[in-house]
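*Asks:* File start-v4.cif follows (mmCIF, C-alpha atoms):
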```cif
data_start
#
loop_
_atom_site.label_atom_id
_atom_site.label_comp_id
_atom_site.auth_asym_id
_atom_site.auth_seq_id
_atom_site.Cartn_x
_atom_site.Cartn_y
_atom_site.Cartn_z
CA MET Z 1 -17.65 -22.54 46.30
CA ALA Z 2 -17.88 -21.46 42.66
CA ALA Z 3 -18.38 -17.95 43.92
CA ASP Z 4 -14.75 -17.72 45.05
CA PRO Z 5 -13.35 -15.28 42.50
CA ILE Z 6 -9.73 -16.26 43.04
CA ALA Z 7 -10.12 -20.02 42.77
CA GLN Z 8 -9.66 -19.69 39.02
CA PHE Z 9 -6.05 -18.61 39.52
CA GLN Z 10 -5.12 -21.69 41.54
CA ILE Z 11 -2.20 -23.63 40.10
CA LYS Z 12 -3.13 -27.29 40.06
CA LYS Z 13 -0.41 -29.88 40.06
CA ILE Z 14 -0.98 -32.73 37.64
CA VAL Z 15 2.20 -34.71 38.08
CA THR Z 16 5.48 -34.05 39.82
CA LEU Z 17 8.32 -34.43 37.38
CA GLY Z 18 11.23 -34.09 39.77
CA HIS Z 19 13.31 -31.66 41.71
CA ILE Z 20 15.92 -29.11 40.78
CA GLY Z 21 17.76 -28.55 44.03
CA PRO Z 22 15.11 -27.99 46.65
CA TYR Z 23 12.55 -26.90 44.09
CA GLU Z 24 9.80 -29.14 42.89
CA ILE Z 25 9.14 -29.14 39.16
CA ALA Z 26 5.64 -30.24 38.28
CA LEU Z 27 3.42 -30.40 35.25
CA THR Z 28 0.52 -28.10 36.14
CA ASN Z 29 -2.58 -26.70 34.51
CA SER Z 30 -0.50 -23.59 33.78
CA SER Z 31 2.12 -25.70 31.98
CA LEU Z 32 -0.54 -27.36 29.84
CA PHE Z 33 -1.86 -24.00 28.68
CA MET Z 34 1.62 -22.75 27.87
CA ILE Z 35 2.32 -25.88 25.83
CA GLY Z 36 -1.08 -25.40 24.23
CA ALA Z 37 -0.21 -21.84 23.30
CA VAL Z 38 3.06 -22.92 21.65
CA VAL Z 39 1.26 -25.67 19.73
CA VAL Z 40 -1.51 -23.31 18.65
CA ILE Z 41 0.82 -20.53 17.50
CA VAL Z 42 3.34 -22.70 15.67
CA GLY Z 43 0.63 -24.98 14.30
CA PHE Z 44 -1.39 -22.03 13.09
CA ILE Z 45 1.48 -20.40 11.25
CA LEU Z 46 2.71 -23.66 9.76
CA LEU Z 47 -0.80 -24.51 8.61
CA ALA Z 48 -1.36 -21.01 7.29
CA SER Z 49 1.90 -21.01 5.35
CA SER Z 50 1.57 -24.60 4.14
CA SER Z 51 0.26 -23.65 0.70
CA ARG Z 52 2.37 -20.48 0.47
CA SER Z 53 0.07 -19.40 -2.33
CA LEU Z 54 0.44 -16.14 -4.18
CA VAL Z 55 -3.17 -15.25 -3.48
CA PRO Z 56 -3.57 -16.08 0.22
CA GLY Z 57 -6.52 -17.95 1.62
CA ARG Z 58 -8.26 -16.93 4.82
CA LEU Z 59 -5.86 -18.63 7.19
CA GLN Z 60 -2.80 -17.37 5.35
CA SER Z 61 -4.31 -13.87 5.28
CA VAL Z 62 -4.77 -13.85 9.05
CA ALA Z 63 -1.22 -15.09 9.62
CA GLU Z 64 0.19 -12.55 7.15
CA ILE Z 65 -1.80 -9.71 8.69
CA THR Z 66 -0.39 -10.65 12.10
CA TYR Z 67 3.10 -10.86 10.61
CA GLU Z 68 2.80 -7.47 8.91
CA PHE Z 69 1.21 -5.95 12.00
CA VAL Z 70 4.08 -6.99 14.27
CA ALA Z 71 6.67 -6.19 11.60
CA GLY Z 72 5.14 -2.74 11.15
CA THR Z 73 5.17 -2.14 14.89
CA VAL Z 74 8.82 -3.17 15.18
CA ARG Z 75 9.85 -1.11 12.16
CA SER Z 76 8.02 2.02 13.26
CA THR Z 77 9.20 1.96 16.88
CA ALA Z 78 12.67 0.41 16.68
CA GLY Z 79 13.60 1.16 13.08
CA THR Z 80 14.80 -1.25 10.41
CA GLU Z 81 17.71 -2.20 12.64
CA GLY Z 82 15.17 -3.43 15.16
CA MET Z 83 13.96 -6.03 12.66
CA LYS Z 84 16.57 -8.47 13.95
CA PHE Z 85 14.40 -8.65 17.07
CA PHE Z 86 11.30 -9.31 15.02
CA PRO Z 87 11.16 -13.04 15.93
CA LEU Z 88 11.47 -12.15 19.63
CA VAL Z 89 8.74 -9.50 19.50
CA PHE Z 90 6.55 -11.76 17.39
CA SER Z 91 7.02 -14.61 19.87
CA LEU Z 92 6.26 -12.35 22.83
CA PHE Z 93 3.20 -10.80 21.17
CA THR Z 94 1.64 -14.06 20.01
CA PHE Z 95 2.51 -15.91 23.21
CA VAL Z 96 0.94 -13.25 25.44
CA LEU Z 97 -2.00 -12.77 23.06
CA VAL Z 98 -2.84 -16.48 22.86
CA LEU Z 99 -2.44 -16.97 26.63
CA ASN Z 100 -4.68 -13.94 27.25
CA MET Z 101 -7.26 -15.23 24.77
CA PHE Z 102 -7.13 -18.72 26.28
CA GLY Z 103 -8.05 -17.02 29.54
CA MET Z 104 -11.20 -15.61 27.97
CA ILE Z 105 -12.54 -19.11 27.29
CA PRO Z 106 -14.69 -20.21 30.25
CA GLY Z 107 -13.00 -22.87 32.37
CA PHE Z 108 -9.58 -22.15 30.88
CA PHE Z 109 -6.65 -21.09 33.00
CA THR Z 110 -5.12 -17.65 32.50
CA VAL Z 111 -1.36 -18.13 32.52
CA THR Z 112 -0.65 -14.40 32.23
CA SER Z 113 -2.54 -13.67 35.43
CA HIS Z 114 0.52 -14.85 37.35
CA ILE Z 115 3.13 -12.27 38.20
CA VAL Z 116 5.95 -14.80 37.96
CA ILE Z 117 5.15 -15.42 34.29
CA THR Z 118 4.84 -11.76 33.32
CA GLY Z 119 7.89 -11.00 35.47
CA VAL Z 120 10.09 -13.52 33.68
CA LEU Z 121 8.91 -12.23 30.31
CA ALA Z 122 9.63 -8.63 31.38
CA LEU Z 123 13.08 -9.61 32.66
CA LEU Z 124 13.76 -11.37 29.37
CA VAL Z 125 13.00 -8.10 27.57
CA ILE Z 126 15.07 -5.96 29.93
CA PHE Z 127 18.07 -8.29 29.86
CA THR Z 128 17.88 -8.45 26.09
CA VAL Z 129 17.96 -4.63 26.07
CA ILE Z 130 20.89 -4.41 28.50
CA ILE Z 131 22.98 -7.17 26.92
CA TYR Z 132 22.38 -6.07 23.34
CA GLY Z 133 22.80 -2.42 24.29
CA LEU Z 134 26.19 -3.08 25.91
CA TYR Z 135 27.28 -5.43 23.12
CA LYS Z 136 26.29 -2.97 20.39
CA ASN Z 137 27.24 0.35 21.94
CA GLY Z 138 29.66 -0.58 24.70
CA PHE Z 139 30.05 2.16 27.24
CA LYS Z 140 27.97 4.54 25.10
CA PHE Z 141 24.93 2.55 26.19
CA PHE Z 142 25.01 4.50 29.46
CA LYS Z 143 24.27 7.67 27.52
CA LEU Z 144 20.74 6.40 27.97
CA PHE Z 145 20.94 7.83 31.49
CA TRP Z 146 22.79 10.95 30.40
CA PRO Z 147 20.47 13.06 28.28
CA SER Z 148 22.19 15.72 26.21
CA GLY Z 149 21.33 19.40 26.46
CA VAL Z 150 20.59 19.35 30.17
CA PRO Z 151 22.29 21.94 32.44
CA MET Z 152 24.99 20.38 34.62
CA PHE Z 153 23.46 21.44 37.92
CA VAL Z 154 20.28 19.42 37.36
CA MET Z 155 22.17 16.50 35.79
CA PRO Z 156 22.51 14.42 38.99
CA MET Z 157 18.78 14.55 39.51
CA ILE Z 158 18.02 13.73 35.86
CA VAL Z 159 20.44 10.79 35.90
CA LEU Z 160 18.81 9.49 39.08
CA ILE Z 161 15.37 9.78 37.53
CA GLU Z 162 16.54 8.10 34.32
CA ILE Z 163 18.05 5.20 36.27
CA LEU Z 164 14.93 4.83 38.40
CA SER Z 165 12.70 4.91 35.33
CA PHE Z 166 14.89 2.29 33.67
CA LEU Z 167 14.76 0.06 36.72
CA SER Z 168 11.01 0.43 37.01
CA ARG Z 169 10.53 -0.77 33.45
CA PRO Z 170 10.47 -4.50 34.18
CA LEU Z 171 8.20 -3.82 37.12
CA SER Z 172 5.69 -1.77 35.15
CA LEU Z 173 5.89 -4.12 32.18
CA SER Z 174 5.11 -7.18 34.25
CA VAL Z 175 2.63 -5.64 36.68
CA ARG Z 176 0.62 -3.99 33.92
CA LEU Z 177 -0.08 -7.27 32.16
CA PHE Z 178 -0.54 -9.30 35.32
CA ALA Z 179 -2.86 -6.79 37.02
CA ASN Z 180 -4.99 -6.26 33.93
CA MET Z 181 -5.56 -9.96 33.41
CA LEU Z 182 -6.12 -10.62 37.11
CA ALA Z 183 -8.53 -7.74 37.64
CA GLY Z 184 -10.52 -8.49 34.51
CA HIS Z 185 -11.05 -12.11 35.43
CA ILE Z 186 -11.91 -11.33 39.04
CA THR Z 187 -14.51 -8.77 37.96
CA ILE Z 188 -16.09 -11.19 35.52
CA LYS Z 189 -16.23 -13.86 38.18
CA VAL Z 190 -17.73 -11.47 40.75
CA PHE Z 191 -20.49 -10.34 38.43
CA ALA Z 192 -21.17 -13.90 37.39
CA SER Z 193 -21.51 -14.93 41.01
CA PHE Z 194 -24.04 -12.11 41.55
CA ILE Z 195 -26.42 -13.90 39.19
CA GLY Z 196 -26.27 -17.08 41.23
CA LEU Z 197 -26.48 -15.15 44.47
CA LEU Z 198 -29.62 -13.30 43.37
CA ALA Z 199 -31.25 -16.47 42.15
CA THR Z 200 -30.61 -18.42 45.33
CA SER Z 201 -31.57 -15.61 47.70
CA LEU Z 202 -34.57 -14.04 45.93
CA GLY Z 203 -36.01 -16.96 43.97
CA VAL Z 204 -37.95 -16.06 40.84
CA ALA Z 205 -37.49 -12.33 41.39
CA GLY Z 206 -33.77 -13.01 41.72
CA TRP Z 207 -33.71 -14.80 38.37
CA ALA Z 208 -35.42 -11.77 36.80
CA LEU Z 209 -33.06 -9.32 38.50
CA GLY Z 210 -30.14 -11.44 37.38
CA ILE Z 211 -30.47 -9.82 33.97
CA LEU Z 212 -28.64 -6.77 35.36
CA PRO Z 213 -25.36 -8.44 36.34
CA PHE Z 214 -25.71 -10.61 33.25
CA GLY Z 215 -25.74 -7.52 31.07
CA MET Z 216 -22.68 -6.26 32.91
CA LEU Z 217 -21.07 -9.65 32.39
CA VAL Z 218 -21.55 -9.46 28.63
CA ALA Z 219 -20.14 -5.94 28.53
CA LEU Z 220 -17.18 -6.89 30.73
CA THR Z 221 -16.40 -9.92 28.59
CA ALA Z 222 -16.27 -7.67 25.54
CA LEU Z 223 -14.06 -5.24 27.42
CA ASP Z 224 -11.76 -8.01 28.62
CA LEU Z 225 -11.41 -9.34 25.09
CA LEU Z 226 -10.25 -5.88 24.11
CA VAL Z 227 -7.91 -5.71 27.11
CA ALA Z 228 -6.54 -9.16 26.32
CA PHE Z 229 -5.54 -7.98 22.86
CA LEU Z 230 -4.47 -4.54 23.95
CA GLN Z 231 -2.18 -5.76 26.73
CA ALA Z 232 -0.46 -8.15 24.35
CA TYR Z 233 0.00 -5.25 21.95
CA VAL Z 234 1.21 -2.90 24.70
CA PHE Z 235 3.70 -5.52 25.81
CA ALA Z 236 5.01 -5.83 22.26
CA VAL Z 237 5.15 -2.06 21.68
CA LEU Z 238 6.97 -1.41 24.94
CA THR Z 239 9.41 -4.19 24.10
CA CYS Z 240 10.11 -2.46 20.77
CA LEU Z 241 10.48 0.88 22.52
CA TYR Z 242 12.99 -0.48 25.01
CA LEU Z 243 14.86 -2.28 22.25
CA ASN Z 244 15.01 1.02 20.44
CA ASP Z 245 16.88 2.40 23.45
CA ALA Z 246 19.38 -0.41 23.13
CA ILE Z 247 19.83 0.18 19.40
CA HIS Z 248 19.91 3.98 19.55
CA PRO Z 249 21.00 5.09 23.04
CA GLY Z 250 21.11 8.79 23.80
CA HIS Z 251 17.90 10.70 23.49
CA MET D 1 -20.79 -24.81 61.34
CA ALA D 2 -17.62 -25.20 63.31
CA THR D 3 -16.09 -27.43 60.67
CA ASN D 4 -17.12 -24.92 58.07
CA THR D 5 -15.24 -22.11 59.78
CA THR D 6 -12.18 -24.30 60.26
CA THR D 7 -12.13 -25.24 56.57
CA GLN D 8 -12.57 -21.57 55.72
CA THR D 9 -9.61 -20.60 57.87
CA GLN D 10 -7.66 -23.43 56.30
CA ASP D 11 -8.72 -22.18 52.87
CA ALA D 12 -7.75 -18.65 53.78
CA LYS D 13 -4.34 -19.79 54.93
CA PRO D 14 -2.68 -20.33 51.54
CA PRO D 15 -1.74 -17.01 50.01
CA PHE D 16 -3.26 -15.50 46.93
CA PRO D 17 -2.47 -17.97 44.10
CA PRO D 18 -0.21 -15.65 42.08
CA PHE D 19 1.94 -15.19 45.20
CA GLN D 20 2.32 -18.87 46.13
CA GLY D 21 6.06 -19.16 45.95
CA GLU D 22 6.16 -22.93 45.77
CA THR D 23 4.53 -22.85 42.34
CA PHE D 24 7.14 -20.46 40.92
CA PRO D 25 9.86 -22.98 39.97
CA SER D 26 7.41 -25.06 37.95
CA GLN D 27 5.97 -22.02 36.23
CA ILE D 28 9.38 -20.58 35.40
CA PHE D 29 10.60 -23.97 34.20
CA TRP D 30 7.68 -24.45 31.85
CA LEU D 31 7.68 -20.83 30.74
CA VAL D 32 11.36 -21.00 29.77
CA LEU D 33 10.86 -24.34 28.04
CA CYS D 34 7.77 -23.20 26.16
CA PHE D 35 9.07 -19.78 25.24
CA VAL D 36 12.41 -21.08 24.01
CA ALA D 37 10.59 -23.72 21.98
CA LEU D 38 8.24 -21.08 20.60
CA TYR D 39 11.08 -18.72 19.75
CA VAL D 40 13.16 -21.38 18.04
CA LEU D 41 10.23 -22.81 16.09
CA LEU D 42 9.02 -19.38 15.02
CA SER D 43 12.38 -17.85 14.13
CA ARG D 44 13.79 -20.95 12.43
CA VAL D 45 10.76 -22.46 10.72
CA ALA D 46 7.44 -20.68 10.86
CA LEU D 47 8.32 -17.03 10.33
CA PRO D 48 10.79 -17.56 7.46
CA ARG D 49 8.11 -19.60 5.69
CA LEU D 50 5.46 -16.96 6.19
CA GLY D 51 7.85 -14.10 5.45
CA GLY D 52 9.09 -15.95 2.38
CA ALA D 53 5.56 -16.16 1.03
CA ILE D 54 5.07 -12.43 1.62
CA ALA D 55 8.43 -11.56 0.08
CA ALA D 56 7.71 -13.79 -2.91
CA ARG D 57 4.40 -12.04 -3.44
CA ASN D 58 5.98 -8.60 -3.14
CA ALA D 59 8.69 -9.61 -5.60
CA LYS D 60 6.06 -10.95 -7.99
CA ILE D 61 4.00 -7.79 -7.78
CA GLU D 62 7.08 -5.67 -8.30
CA GLY D 63 8.16 -7.77 -11.26
CA ASP D 64 4.69 -7.61 -12.77
CA LEU D 65 4.59 -3.85 -12.38
CA GLU D 66 8.00 -3.57 -13.97
CA ALA D 67 6.95 -5.75 -16.88
CA ALA D 68 3.78 -3.72 -17.30
CA ASN D 69 5.83 -0.54 -17.31
CA ARG D 70 8.21 -1.94 -19.87
CA LEU D 71 5.37 -3.07 -22.10
CA ARG D 72 3.75 0.32 -21.84
CA ASN D 73 6.97 2.03 -22.86
CA GLU D 74 7.31 -0.36 -25.77
CA SER D 75 3.79 0.26 -26.96
CA GLU D 76 4.33 3.99 -26.65
CA ALA D 77 7.47 3.74 -28.76
CA ALA D 78 5.60 1.66 -31.34
CA GLN D 79 2.86 4.23 -31.47
CA ALA D 80 5.40 7.01 -31.95
CA THR D 81 7.01 5.16 -34.89
CA TYR D 82 3.60 4.49 -36.39
CA GLU D 83 2.65 8.14 -36.11
CA LYS D 84 5.94 9.19 -37.63
CA SER D 85 5.55 6.89 -40.61
CA LEU D 86 2.00 8.11 -41.02
CA ALA D 87 3.19 11.71 -41.07
CA ASP D 88 5.94 10.80 -43.55
CA ALA D 89 3.46 9.11 -45.85
CA ARG D 90 1.14 12.05 -45.64
CA ALA D 91 3.94 14.49 -46.51
CA LYS D 92 5.01 12.32 -49.43
CA ALA D 93 1.48 12.11 -50.74
CA GLN D 94 1.14 15.84 -50.49
CA ALA D 95 4.40 16.38 -52.42
CA VAL D 96 3.29 14.00 -55.18
CA ALA D 97 -0.06 15.72 -55.38
CA SER D 98 1.38 19.22 -55.66
CA GLU D 99 3.93 18.08 -58.25
CA THR D 100 1.21 16.49 -60.36
CA GLN D 101 -0.87 19.58 -60.07
CA ALA D 102 1.98 21.85 -61.20
CA LYS D 103 2.70 19.59 -64.16
CA ALA D 104 -0.91 19.54 -65.20
CA ALA D 105 -1.12 23.32 -64.89
CA SER D 106 1.96 23.91 -67.03
CA GLU D 107 0.71 21.47 -69.69
CA ALA D 108 -2.62 23.23 -69.82
CA GLU D 109 -0.84 26.56 -70.12
CA ALA D 110 1.27 25.34 -73.06
CA GLN D 111 -1.78 23.95 -74.80
CA ARG D 112 -3.62 27.21 -74.32
CA LYS D 113 -0.70 29.19 -75.73
CA GLN D 114 -0.48 26.96 -78.76
CA LEU D 115 -4.17 27.35 -79.40
CA GLU D 116 -3.95 31.09 -79.02
CA ASP D 117 -1.04 31.30 -81.45
CA GLY D 118 -2.99 29.33 -84.07
CA LEU D 119 -6.02 31.54 -83.66
CA LYS D 120 -3.89 34.65 -83.98
CA ALA D 121 -2.30 33.39 -87.21
CA LYS D 122 -5.72 32.67 -88.66
CA LEU D 123 -6.93 36.08 -87.60
CA ASP D 124 -3.91 37.74 -89.27
CA ALA D 125 -4.51 35.85 -92.54
CA ALA D 126 -8.16 36.85 -92.54
CA GLU D 127 -7.26 40.48 -91.93
CA LYS D 128 -4.74 40.39 -94.79
CA GLN D 129 -7.34 38.92 -97.10
CA ILE D 130 -9.84 41.57 -96.08
CA ALA D 131 -7.27 44.29 -96.87
CA SER D 132 -6.39 42.87 -100.29
CA THR D 133 -10.05 42.44 -101.12
CA LYS D 134 -10.62 46.02 -100.05
CA THR D 135 -7.76 47.29 -102.28
CA ALA D 136 -9.06 45.28 -105.23
CA ALA D 137 -12.52 46.66 -104.67
CA MET D 138 -11.18 50.17 -104.45
CA SER D 139 -9.29 49.81 -107.77
CA ASN D 140 -12.49 48.59 -109.43
CA VAL D 141 -14.29 51.60 -107.98
CA ARG D 142 -11.74 53.91 -109.74
CA GLY D 143 -12.27 52.28 -113.12
CA ILE D 144 -16.07 52.56 -112.76
CA ALA D 145 -15.73 56.16 -111.52
CA VAL D 146 -13.51 57.12 -114.53
CA ASP D 147 -15.94 55.53 -116.99
CA THR D 148 -18.97 57.05 -115.28
CA ALA D 149 -17.33 60.48 -115.01
CA GLY D 150 -16.36 60.34 -118.77
CA LEU D 151 -19.92 59.40 -119.75
CA ILE D 152 -21.42 62.15 -117.51
CA VAL D 153 -19.09 64.77 -119.01
CA GLU D 154 -19.88 63.52 -122.61
CA ARG D 155 -23.60 63.82 -121.98
CA LEU D 156 -23.30 67.29 -120.52
CA THR D 157 -20.83 68.71 -123.00
CA GLY D 158 -21.52 66.61 -125.98
CA LYS D 159 -18.03 65.65 -126.55
CA ALA D 160 -15.91 62.92 -124.90
CA PRO D 161 -13.17 64.19 -122.66
CA ALA D 162 -9.66 62.99 -122.88
CA LYS D 163 -9.31 59.83 -120.78
CA PRO D 164 -6.08 60.84 -118.91
CA SER D 165 -7.61 64.13 -117.77
CA VAL D 166 -10.69 62.29 -116.45
CA GLU D 167 -8.42 59.83 -114.63
CA ARG D 168 -6.50 62.70 -113.08
CA ALA D 169 -9.72 64.39 -111.99
CA VAL D 170 -11.12 61.12 -110.47
CA ASP D 171 -7.87 60.44 -108.67
CA ALA D 172 -7.96 63.96 -107.29
CA ALA D 173 -11.53 63.45 -106.14
CA LEU D 174 -10.81 60.00 -104.61
CA HIS D 175 -7.78 61.12 -102.66
#
```
Reformat the file's structure so that it appears as structure tokens.

*Replies:*
Amino acid sequence: MAADPIAQFQIKKIVTLGHIGPYEIALTNSSLFMIGAVVVIVGFILLASSSRSLVPGRLQSVAEITYEFVAGTVRSTAGTEGMKFFPLVFSLFTFVLVLNMFGMIPGFFTVTSHIVITGVLALLVIFTVIIYGLYKNGFKFFKLFWPSGVPMFVMPMIVLIEILSFLSRPLSLSVRLFANMLAGHITIKVFASFIGLLATSLGVAGWALGILPFGMLVALTALDLLVAFLQAYVFAVLTCLYLNDAIHPGH
Amino acid sequence: MATNTTTQTQDAKPPFPPFQGETFPSQIFWLVLCFVALYVLLSRVALPRLGGAIAARNAKIEGDLEAANRLRNESEAAQATYEKSLADARAKAQAVASETQAKAASEAEAQRKQLEDGLKAKLDAAEKQIASTKTAAMSNVRGIAVDTAGLIVERLTGKAPAKPSVERAVDAALH
């Protein structure tokens, strides 16, 4: 039963809140972790900035390092003009990071291992890019698909490729995060179940042999912690990169 | 065993959890709610507070650096004035010293000259006295020579010569 590596991704309904049209809206384990993430992020920053001291304490230092880290990422990839999207990128980064990290705690649910979540976040990014790009640059926004300095006879192909690559952005953005989180957690679960399997099938020898998958488990947990951070960072960087396209279209 | 397989097939029936469409509305609903709440709270409250603290610190550091720069410039200026006044004082002291020295030298020179003049006058007087003494002595020598010559001639010839002729002869011999 516990050996089922995909049981951890099951959405569990806690209470049905109502219906929007034919769709049931329920408070689920996923919802609780999302609310938890919001509380943790906002609470952390408010707590960290409560003293607002000139010489920061530990908590304030961590919050400020995160702030400067995200601000630096936005500024270096999307320019100073991109700083108006700083709150959005910061929200995305911390939200994904905290949800990923929640997933690393045993028994916790990994919200970002669901494609619908990562998909909505990716669509949010892409629609922000399209709407802001059109609002800011008008028709010039489509220069994004019309690279300069390309011979006319290959232009149709280039434009097609550019459009396809633009359309695949939300897909790659969402699938990357979703697949990484899903695969990492499945692998951890599989190796963990090996320990139990060895112990129940081989007895004492199995317990001794269990050290092998256990070692793998430790290594994989470390790797997944890295992936959890890295995917949040990649999500933020790609968001900045796409926003940069909206701010400065034309290659 | 049979029940086990039936439960397994029943378990296998629902799709992979991330693809269970009936959970999507709830997830999207809560995601939108949570993310909007997060965005609003962060952009309106939390980030301005944190960013304000950082900006305040940067401003403070910048201000402190500026003040330090200003103070350094001031101290450099003060040092320059101090060095200038020191150089002035030194030059003044040197001028006073050389002036005093020149004055002392000229005074010494005048004193020396005066002394020399006095000595020269004394020397001249002494020389004059020596000359007059010498003349007096010489005139005495003539008288003695005339007398002696008269006596010598008297003894040799037996008769006293005429005084004027003796005087003439002595004068001729003396000159």

*Asks:* With 7 Å as the limit and counting only C-alpha atoms, what residues in chain Z lie close to chain D? Please list them as an mmCIF file with C-alpha atoms, in the frame of the given file.

*Replies:*
```cif
data_model
loop_
_atom_site.group_PDB
_atom_site.id
_atom_site.type_symbol
_atom_site.label_atom_id
_atom_site.label_comp_id
_atom_site.auth_asym_id
_atom_site.auth_seq_id
_atom_site.Cartn_x
_atom_site.Cartn_y
_atom_site.Cartn_z
ATOM 1 C CA PHE Z 9 -6.050 -18.610 39.520
ATOM 2 C CA GLN Z 10 -5.120 -21.690 41.540
ATOM 3 C CA ILE Z 11 -2.200 -23.630 40.100
ATOM 4 C CA TYR Z 23 12.550 -26.900 44.090
ATOM 5 C CA GLU Z 24 9.800 -29.140 42.890
ATOM 6 C CA ILE Z 25 9.140 -29.140 39.160
ATOM 7 C CA ALA Z 26 5.640 -30.240 38.280
ATOM 8 C CA SER Z 31 2.120 -25.700 31.980
ATOM 9 C CA MET Z 34 1.620 -22.750 27.870
ATOM 10 C CA ILE Z 35 2.320 -25.880 25.830
ATOM 11 C CA VAL Z 38 3.060 -22.920 21.650
ATOM 12 C CA VAL Z 42 3.340 -22.700 15.670
ATOM 13 C CA ILE Z 45 1.480 -20.400 11.250
ATOM 14 C CA LEU Z 46 2.710 -23.660 9.760
ATOM 15 C CA SER Z 49 1.900 -21.010 5.350
ATOM 16 C CA ARG Z 52 2.370 -20.480 0.470
ATOM 17 C CA LEU Z 54 0.440 -16.140 -4.180
ATOM 18 C CA GLU Z 64 0.190 -12.550 7.150
ATOM 19 C CA PRO Z 87 11.160 -13.040 15.930
ATOM 20 C CA LEU Z 88 11.470 -12.150 19.630
ATOM 21 C CA SER Z 91 7.020 -14.610 19.870
ATOM 22 C CA HIS Z 114 0.520 -14.850 37.350
ATOM 23 C CA ILE Z 115 3.130 -12.270 38.200
ATOM 24 C CA VAL Z 116 5.950 -14.800 37.960
ATOM 25 C CA ILE Z 117 5.150 -15.420 34.290
#
```

*Asks:* Quick one: pull the distance between CA of Ala219 (chain Z) and CA of Asn100 (chain Z), Å, one decimal.

*Replies:*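 Computed distance, CA of Ala219 (chain Z) to CA of Asn100 (chain Z), equals 17.5 Å.
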
*Asks:* Taking 3 positions as the minimum chain separation for residues in the same chain, which residues sit within 12 Å of Gly143 (chain D) when counting only C-alpha atoms? Answer as a list in words.

*Replies:*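 In the requested form, the answer reads Ala136, Ala137, Met138, Ser139, Asn140, Val146, Asp147, Thr148, Ala149, Gly150, Lys163, Val166, Glu167, Arg168, Val170, Asp171 and Leu174 of chain D.
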
*Asks:* Name every residue that the PyMOL selection byres ((chain Z and resi 69) around 12) selects in this structure, writing the answer as an MDAnalysis selection string with chains first and numbers rising.

*Replies:* chainID Z and resid 61:68 70:76 86 89:90 93:94 233 236:237

*Asks:* Report, in Å to a single decimal, how far apart CA of Arg58 (chain Z) and CA of Ile105 (chain Z) are.

*Replies:*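 Computed distance, CA of Ile105 (chain Z) to CA of Arg58 (chain Z), equals 23.0 Å.
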
*Asks:* Grab the CA of Thr77 (chain Z) to CA of Asn244 (chain Z) distance for me, in Å with one decimal place.

*Replies:*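 We find that CA of Thr77 (chain Z) and CA of Asn244 (chain Z) lie 6.9 Å from each other.
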
*Asks:* Looking at Z:Trp146, Z:Phe85, Z:Phe214, Z:Phe191, which one is nearest to Leu241 (chain Z), with distances taken over all atoms listed in the file?

*Replies:*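 Nearest to Leu241 (chain Z): Z:Phe85.
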
*Asks:* Which residue, Z:Phe145, Z:Phe127, Z:Phe33, Z:Trp207, has the smallest gap to Pro249 (chain Z) when you use all atoms listed in the file?

*Replies:*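 Closest residue, counting all atoms listed in the file: Z:Phe145.
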
*Asks:* On this file, the PyMOL selection byres ((chain Z and resi 232) around 10) gives some set of residues; write that set as a list in words.

*Replies:*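 Given this file, the PyMOL selection byres ((chain Z and resi 232) around 10) evaluates to Leu92, Phe93, Thr94, Phe95, Val96, Leu97, Val98, Leu99, Asn100, Met101, Leu177, Val227, Ala228, Phe229, Leu230, Gln231, Tyr233, Val234, Phe235, Ala236 and Val237 of chain Z.
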
*Asks:* Please, could you write that set of residues out with C-alpha atoms as a short mmCIF file (atom, residue, chain, number, x, y, z; two decimals), keeping the file's coordinate frame?

*Replies:*
```
data_model
loop_
_atom_site.label_atom_id
_atom_site.label_comp_id
_atom_site.auth_asym_id
_atom_site.auth_seq_id
_atom_site.Cartn_x
_atom_site.Cartn_y
_atom_site.Cartn_z
CA LEU Z 92 6.26 -12.35 22.83
CA PHE Z 93 3.20 -10.80 21.17
CA THR Z 94 1.64 -14.06 20.01
CA PHE Z 95 2.51 -15.91 23.21
CA VAL Z 96 0.94 -13.25 25.44
CA LEU Z 97 -2.00 -12.77 23.06
CA VAL Z 98 -2.84 -16.48 22.86
CA LEU Z 99 -2.44 -16.97 26.63
CA ASN Z 100 -4.68 -13.94 27.25
CA MET Z 101 -7.26 -15.23 24.77
CA LEU Z 177 -0.08 -7.27 32.16
CA VAL Z 227 -7.91 -5.71 27.11
CA ALA Z 228 -6.54 -9.16 26.32
CA PHE Z 229 -5.54 -7.98 22.86
CA LEU Z 230 -4.47 -4.54 23.95
CA GLN Z 231 -2.18 -5.76 26.73
CA TYR Z 233 0.00 -5.25 21.95
CA VAL Z 234 1.21 -2.90 24.70
CA PHE Z 235 3.70 -5.52 25.81
CA ALA Z 236 5.01 -5.83 22.26
CA VAL Z 237 5.15 -2.06 21.68
#
```
